[in-house]
Amino acid sequence: MQLREVLGRRRSIRFLDPDRPVEIDKIQRILEAARIASHWGNVQSLRAIVVMKDSAPSQVIDALEAPIAGFQIRIAPVVIVWYLDTAAVDAQADRLRELLAAGALGFGEDKHRALEENLIPLFASLIDTLKEPGLGEVDCGQGIAQATLMAFEQGLGACCLGTPYGDKICANLGLPDTARVLLLQTVGYPAEDWQAGGQRPRRPFEELFSLNVSGNPFPRAPEVVEELRNDGMFTAPAPLPGREEELEHLKTRLGLEGHGLF
Ligand SMILES: Cc1cc2nc3c(=O)[nH]c(=O)nc-3n(C[C@H](O)[C@H](O)[C@H](O)COP(=O)(O)O)c2cc1C
């Protein structure tokens with residue numbers, strides 16, 4: 001599958017098949033995709049614990065909780081607990097030296113001295129700020145996005161779930177004090193059609209993106225839109241006909257009760 005088609009198929013898939021385990025090599029590819037994502041200073045603070053429902057201890061499974069549409073955690077065969085370890089920031093000087101040695105950063109004869117005398121002290125002076133929520137979360141989000149695309153490229157479905165229960169998750173999963181739980185990601189084979197009711201709504205392109213100055217909408221060429229539609233990146237908008245019936249069927253098949261929002 002081309003990247004464009006993978007992007008077109010990526011949806012939050014909330015209905016996963018609880019009875020179909022996910023092959024471990026598919027999970028590995030997901031993690032491999034996350035690992036090669038960008039990170040400021042090449043610090044690499046993204047971590048994950050993969051919880052496989054068929055082998056994880058009950059105290060781990062019981063700690064996984066999300067308040068919005070949390071039924072997904074019950075039915076998913078795999079839940080990836082993505083977290084950020086701020087301790088990675090402590091090794092930023094070594095990561096920068098590695099970048100220099102790799103030929104990625106700096107040029108000229110003076111670059112080693114500039115690194116040791118300027119750049120590393122600059123980062124060191126910002127270390128507390130850099131551990132705070134902000135830039136690190138952006139980097140981790142890039143890794144999670146790459147992981148998500150790899151899941152869909154392999155025919156899997158996934159959904160990110162925010163949770164306020166990070167402390168409980170940290171305690172039950174034995175995460176270090178330096179960990180910040182980012183989100184829980186359910187992964188499995190979709191129980192719903194890949195279209196999942198169609199492309200979810202998006203704010204207009206012109207409202208989101210500007211050229212040069214704020215309020216000057218970035219020009220959107222219709223030919224490019226058409227090209228991306230032809231390549232499968234843009235798919236039919238939700239709700240597709242029959243979606244309500246599909247949802248009713250999923251509710252019965254997966255034994256879900258109530259309104260499914262909580
Ligand atoms: C960081 C993050 C947290 C999210 N948390 C939840 C959640 O707790 N429950 C849920 O059902 N969906 C959650 N979602 C999914 C969003 O609701 C979804 O991405 C959005 O509605 C757009 O739909 P789409 O992903 O199918 O394009 C989350 C998505 C992200 C990126």
# chains A, B, ... in the order shown; residues from 1 in each chain; ligands from 1
call {"tool": "residues_around", "arguments": {"residues": "Gln28 in chain A", "least_positions_apart": "5", "cutoff": "12 Å", "atoms": "only C-alpha atoms", "output": "PyMOL selection string"}}
result
chain A and resi 22-23+33-35+48-50+80+147+150-151+154
call {"tool": "write_last_selection", "arguments": {"atoms": "C-alpha atoms", "output": "PDB file, in the first residue's frame"}}
result
ATOM      1  CA  VAL A  22      -2.389  -9.862  16.615  1.00  0.00           C
ATOM      2  CA  GLU A  23       0.801 -11.490  15.399  1.00  0.00           C
ATOM      3  CA  ALA A  33       8.145   2.698  12.891  1.00  0.00           C
ATOM      4  CA  ALA A  34       7.875   4.687  16.127  1.00  0.00           C
ATOM      5  CA  ARG A  35      11.567   4.277  16.894  1.00  0.00           C
ATOM      6  CA  ALA A  48       5.902   1.938  25.148  1.00  0.00           C
ATOM      7  CA  ILE A  49       4.681  -1.097  26.970  1.00  0.00           C
ATOM      8  CA  VAL A  50       2.726  -3.450  24.762  1.00  0.00           C
ATOM      9  CA  ILE A  80      -0.008  -0.075  23.653  1.00  0.00           C
ATOM     10  CA  ALA A 147       3.333   3.641  14.513  1.00  0.00           C
ATOM     11  CA  MET A 150       2.306   1.090  10.209  1.00  0.00           C
ATOM     12  CA  ALA A 151      -0.642  -0.559  11.985  1.00  0.00           C
ATOM     13  CA  GLN A 154      -0.589  -4.086   7.944  1.00  0.00           C
TER      14      GLN A 154
END
call {"tool": "residues_near_ligand", "arguments": {"ligand": "ligand 1", "cutoff": "7 Å", "atoms": "only C-alpha atoms and all ligand atoms", "output": "list in words"}}
result
Arg10, Arg11, Ser12, Ile13, Arg14, Ala66, Pro67, Ile68, Ala69, Gly70, Cys159, Cys160, Leu161, Gly162, Thr163, Leu183, Gln199 and Arg200 of chain A
call {"tool": "residues_around", "arguments": {"residues": "Gln2 in chain A", "least_positions_apart": "3", "cutoff": "9 Å", "atoms": "only C-alpha atoms", "output": "short mmCIF file (atom, residue, chain, number, x, y, z; two decimals) with N, CA and C atoms, in the first residue's frame"}}
result
data_model
loop_
_atom_site.label_atom_id
_atom_site.label_comp_id
_atom_site.auth_asym_id
_atom_site.auth_seq_id
_atom_site.Cartn_x
_atom_site.Cartn_y
_atom_site.Cartn_z
N GLU A 5 -2.54 5.90 0.35
CA GLU A 5 -3.68 5.03 0.65
C GLU A 5 -3.75 4.70 2.14
N VAL A 6 -2.58 4.52 2.73
CA VAL A 6 -2.56 4.26 4.18
C VAL A 6 -3.18 5.45 4.92
N LEU A 7 -2.82 6.65 4.49
CA LEU A 7 -3.38 7.85 5.12
C LEU A 7 -4.90 7.89 4.95
N GLU A 153 -1.14 0.01 7.67
CA GLU A 153 -0.50 -0.58 6.49
C GLU A 153 -0.52 -2.11 6.55
N ASP A 231 -5.72 8.78 -5.62
CA ASP A 231 -4.73 7.91 -4.99
C ASP A 231 -5.24 7.27 -3.70
#
call {"tool": "residues_around", "arguments": {"residues": "Pro190 in chain A", "least_positions_apart": "2", "cutoff": "7 Å", "atoms": "only C-alpha atoms", "output": "PyMOL selection string"}}
result
chain A and resi 13+15-17+156-157+188+192
call {"tool": "write_last_selection", "arguments": {"atoms": "C-alpha atoms", "output": "compact mmCIF listing (two decimals), in the first residue's frame"}}
result
# COMPACT_ATOMS: atom_id res chain seq x y z
CA ILE A 13 -11.15 2.13 14.63
CA PHE A 15 -14.51 -1.75 17.13
CA LEU A 16 -11.81 -4.41 17.13
CA ASP A 17 -12.17 -8.18 16.97
CA LEU A 156 -4.83 -3.56 11.57
CA GLY A 157 -7.03 -0.96 13.22
CA GLY A 188 -6.31 -5.25 16.67
CA GLU A 192 -15.98 -3.00 11.40
